[in-house]
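Worksheet: the structure to be examined is printed underneath.
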Amino acid sequence: SAVISQKPSRDICQRGTSLTIQCQVDSQVTMMFWYRQQPGQSLTLIATANQGSEATYESGFVIDKFPISRPNLTFSTLTVSNMSPEDSSIYLCSAGGARDRTSGNTIYFGEGSWLTVV
Amino acid sequence: DAKTTQPPSMDCAEGRAANLPCNHSTISGNEYVYWYRQIHSQGPQYIIHGLKNNETNEMASLIITEDRKSSTLILPHATLRDTAVYYCIALFDQGAQKLVFGQGTRLTINP
């Protein structure tokens, strides 16, 4: 299985500022995704992070608010821009599709980044 | 991907088998059934997946009905640490796919 590390694990942010979350996978993977989980809710997919090209966003999410980078097969970042209290959530990185096929196509998750906007 | 339906909550006594049902009546022939769980404050954890045969691993067993319209995740000897939200997801297993989460089943293991 892939081991996924996220930084920061938690942060308190001022409204109007931006924060970048980093996601590092311990092996090369074909697919990386970003999710948001608001308090008491299920996970909502924000976007698919595409290596070397623009991310693919789900309905309701836009690049200006959630810019995503994926420079290589093991790393991605999500920026939450111009934050408001409504952005207080857990942000989760997930990845799967090992290049060497040893882990199959199962998707694995990081532990999440807890953001509180004040 | 096919829609799945799960009960919102269940209780189970510690040490007993926890049986979590999932309906996926519109599942297509090449969609797999995946199960994840999310323990409070943690990222979702992969449990098991299957296509049509029953599957077992060190965490759980997955029983899929012959018509594949429903399945049951079985935790054979539930412990307090199995208290979590359990998600059943149907998706194609052709390359790693994005997971679409429903509301899941909140399983509470009682001492």
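Residues are referred to by chain and number: the chain letter is A, B, ... according to the order shown in the structure tokens, the number counts from 1 in that chain, and ligands are numbered separately from 1 in the order shown.
Residue-level contact on chain B: within 9 Å of chain A, counting only C-alpha atoms, the set is B:Tyr34, B:Ser41, B:Gln42, B:Gly43, B:Pro44, B:Gln45, B:Tyr46, B:His49, B:Asp93, B:Gln94, B:Gly95, B:Ala96, B:Gln97, B:Lys98, B:Leu99, B:Val100, B:Phe101, B:Gly102, B:Gln103, B:Gly104.
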Can you list, as a ChimeraX atom specification, every protein, DNA or RNA residue that comes within 9 Å of Glu86 of chain A when you count only C-alpha atoms, leaving out same-chain residues fewer than 3 positions away? /A:38,83,89,117
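Those residues that approach Pro71 of chain A to within 12 Å, counting only C-alpha atoms, are Gln22, Cys23, Gln24, Met32, Ala49, Asn50, Gln51, Gly52, Ser53, Glu54, Ala55 and Thr77 of chain A; same-chain residues fewer than 6 positions away are not listed.
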Selection export as a PDB file, in the first residue's frame, atoms kept: C-alpha atoms:
ATOM      1  CA  GLN A  22       1.469  19.452   0.729  1.00  0.00           C
ATOM      2  CA  CYS A  23       0.934  15.774  -0.051  1.00  0.00           C
ATOM      3  CA  GLN A  24       3.839  13.353  -0.434  1.00  0.00           C
ATOM      4  CA  MET A  32      -3.835  11.777  -6.920  1.00  0.00           C
ATOM      5  CA  ALA A  49      -4.453  16.356  -9.596  1.00  0.00           C
ATOM      6  CA  ASN A  50      -2.952  15.669 -13.022  1.00  0.00           C
ATOM      7  CA  GLN A  51       0.793  15.330 -13.364  1.00  0.00           C
ATOM      8  CA  GLY A  52       2.223  18.070 -15.526  1.00  0.00           C
ATOM      9  CA  SER A  53      -1.126  19.636 -16.422  1.00  0.00           C
ATOM     10  CA  GLU A  54      -4.058  21.490 -14.923  1.00  0.00           C
ATOM     11  CA  ALA A  55      -6.158  19.711 -12.346  1.00  0.00           C
ATOM     12  CA  THR A  77      -0.150  20.657  -3.338  1.00  0.00           C
TER      13      THR A  77
END
For a test of reading the model, state the distance in Å between atom CA of Ala2 of chain A and atom CA of His77 of chain B, rounded to one decimal. 26.9 Å
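Shell of Lys3 of chain B at 9 Å, with only C-alpha atoms counted and residues fewer than 6 places along the chain excluded, is B:Asn23, B:His24, B:Ser25, B:Thr26, B:Ile27, B:Ile89, B:Ala90, B:Gly102.
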Tell me, as an MDAnalysis selection string, which residues lie within 10 Å of Pro85 of chain A, counting only C-alpha atoms; anything in the same chain fewer than 2 positions away does not count. chainID A and resid 13:16 83 87:89 115:118
Among the residues of segment 2-109 of chain B, find those DSSP assigns to strand (DSSP E) from the backbone and print them as an NGL selection string. :B and (9-13 or 18-23 or 31-38 or 45-50 or 55-56 or 61-64 or 70-75 or 84-92 or 105-109)
Would you list the contacts of Ile47 of chain B as number ranges by chain, taking every protein, DNA or RNA residue within 12 Å and counting only C-alpha atoms, but skipping same-chain residues closer than 3 positions in sequence? A: 1, 106-108; B: 33-38, 44, 50, 55-62, 73-75, 82, 86-89
Those selected residues, please, written with N, CA, C and O atoms and delivered as a CSV table (one decimal), in the first residue's frame.
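Written out: out07.csv:
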chain,number,residue,atom,x,y,z
A,1,SER,N,0.8,-1.2,0.0
A,1,SER,CA,0.0,0.0,0.0
A,1,SER,C,0.9,1.3,0.0
A,1,SER,O,2.0,1.2,0.4
A,106,THR,N,-6.0,0.2,-5.8
A,106,THR,CA,-6.6,0.7,-4.6
A,106,THR,C,-6.2,2.1,-4.3
A,106,THR,O,-5.0,2.5,-4.4
A,107,ILE,N,-7.1,3.0,-3.9
A,107,ILE,CA,-6.8,4.3,-3.5
A,107,ILE,C,-6.6,4.4,-2.0
A,107,ILE,O,-7.3,3.8,-1.2
A,108,TYR,N,-5.5,5.1,-1.6
A,108,TYR,CA,-5.2,5.3,-0.2
A,108,TYR,C,-5.2,6.7,0.2
A,108,TYR,O,-5.1,7.6,-0.7
B,33,VAL,N,-17.1,-3.7,-5.8
B,33,VAL,CA,-17.6,-3.1,-4.5
B,33,VAL,C,-16.4,-2.9,-3.6
B,33,VAL,O,-15.6,-3.9,-3.3
B,34,TYR,N,-16.2,-1.7,-3.2
B,34,TYR,CA,-15.1,-1.3,-2.3
B,34,TYR,C,-15.6,-0.9,-0.9
B,34,TYR,O,-16.7,-0.3,-0.9
B,35,TRP,N,-14.9,-1.2,0.1
B,35,TRP,CA,-15.3,-0.8,1.5
B,35,TRP,C,-14.1,0.0,2.1
B,35,TRP,O,-13.0,-0.5,2.0
B,36,TYR,N,-14.4,1.1,2.6
B,36,TYR,CA,-13.5,1.9,3.4
B,36,TYR,C,-14.1,2.2,4.8
B,36,TYR,O,-15.4,2.2,4.9
B,37,ARG,N,-13.3,2.6,5.7
B,37,ARG,CA,-13.9,3.1,7.0
B,37,ARG,C,-13.1,4.3,7.4
B,37,ARG,O,-11.9,4.5,7.1
B,38,GLN,N,-13.7,5.2,8.2
B,38,GLN,CA,-13.1,6.4,8.7
B,38,GLN,C,-13.3,6.5,10.2
B,38,GLN,O,-14.5,6.7,10.6
B,44,PRO,N,-9.7,8.1,5.6
B,44,PRO,CA,-10.3,6.8,5.3
B,44,PRO,C,-9.3,5.7,5.1
B,44,PRO,O,-8.2,5.9,4.6
B,50,GLY,N,-14.2,-6.4,-3.8
B,50,GLY,CA,-14.5,-7.6,-4.5
B,50,GLY,C,-15.4,-7.4,-5.7
B,50,GLY,O,-16.0,-6.3,-5.9
B,55,GLU,N,-14.7,-12.4,-0.6
B,55,GLU,CA,-13.3,-12.1,-0.3
B,55,GLU,C,-13.1,-12.0,1.2
B,55,GLU,O,-14.0,-11.7,2.0
B,56,THR,N,-11.9,-12.4,1.6
B,56,THR,CA,-11.5,-12.3,3.0
B,56,THR,C,-10.1,-11.8,3.1
B,56,THR,O,-9.3,-12.3,2.4
B,57,ASN,N,-9.9,-10.9,4.1
B,57,ASN,CA,-8.5,-10.6,4.4
B,57,ASN,C,-8.4,-10.5,5.9
B,57,ASN,O,-9.3,-10.9,6.7
B,58,GLU,N,-7.3,-9.9,6.4
B,58,GLU,CA,-7.0,-9.9,7.8
B,58,GLU,C,-8.0,-9.0,8.6
B,58,GLU,O,-8.1,-9.0,9.8
B,59,MET,N,-8.6,-8.1,7.9
B,59,MET,CA,-9.5,-7.1,8.5
B,59,MET,C,-11.0,-7.6,8.5
B,59,MET,O,-11.7,-7.4,9.5
B,60,ALA,N,-11.4,-8.2,7.4
B,60,ALA,CA,-12.9,-8.4,7.2
B,60,ALA,C,-13.1,-9.4,6.1
B,60,ALA,O,-12.2,-9.8,5.4
B,61,SER,N,-14.4,-9.8,6.0
B,61,SER,CA,-14.9,-10.6,4.9
B,61,SER,C,-16.0,-9.8,4.2
B,61,SER,O,-16.7,-9.0,4.7
B,62,LEU,N,-16.0,-10.0,2.9
B,62,LEU,CA,-17.0,-9.4,2.0
B,62,LEU,C,-17.8,-10.5,1.3
B,62,LEU,O,-17.2,-11.3,0.6
B,73,LEU,N,-20.4,-6.5,4.5
B,73,LEU,CA,-19.1,-6.5,5.1
B,73,LEU,C,-19.2,-7.1,6.5
B,73,LEU,O,-20.1,-6.7,7.3
B,74,ILE,N,-18.4,-8.0,6.8
B,74,ILE,CA,-18.4,-8.7,8.1
B,74,ILE,C,-17.1,-8.5,8.8
B,74,ILE,O,-16.0,-8.8,8.3
B,75,LEU,N,-17.2,-7.9,10.0
B,75,LEU,CA,-16.1,-7.8,11.0
B,75,LEU,C,-16.3,-8.9,12.0
B,75,LEU,O,-17.2,-8.9,12.8
B,82,ASP,N,-13.2,-0.7,16.3
B,82,ASP,CA,-13.9,-0.8,15.0
B,82,ASP,C,-15.0,0.3,14.9
B,82,ASP,O,-15.6,0.3,13.9
B,86,TYR,N,-18.4,3.5,8.0
B,86,TYR,CA,-18.1,2.6,7.0
B,86,TYR,C,-18.7,3.0,5.7
B,86,TYR,O,-19.9,3.2,5.6
B,87,TYR,N,-17.9,3.0,4.6
B,87,TYR,CA,-18.4,3.4,3.3
B,87,TYR,C,-18.3,2.3,2.3
B,87,TYR,O,-17.3,1.7,2.2
B,88,CYS,N,-19.4,2.1,1.6
B,88,CYS,CA,-19.5,1.1,0.5
B,88,CYS,C,-19.5,1.9,-0.8
B,88,CYS,O,-20.4,2.8,-1.0
B,89,ILE,N,-18.6,1.6,-1.7
B,89,ILE,CA,-18.5,2.3,-3.0
B,89,ILE,C,-18.4,1.4,-4.1
B,89,ILE,O,-17.6,0.4,-4.1
Please list as a PyMOL selection string every residue within 7 Å of Ile21 of chain A, counting only C-alpha atoms and excluding residues in the same chain fewer than 3 positions away. chain A and resi 7-8+77-79
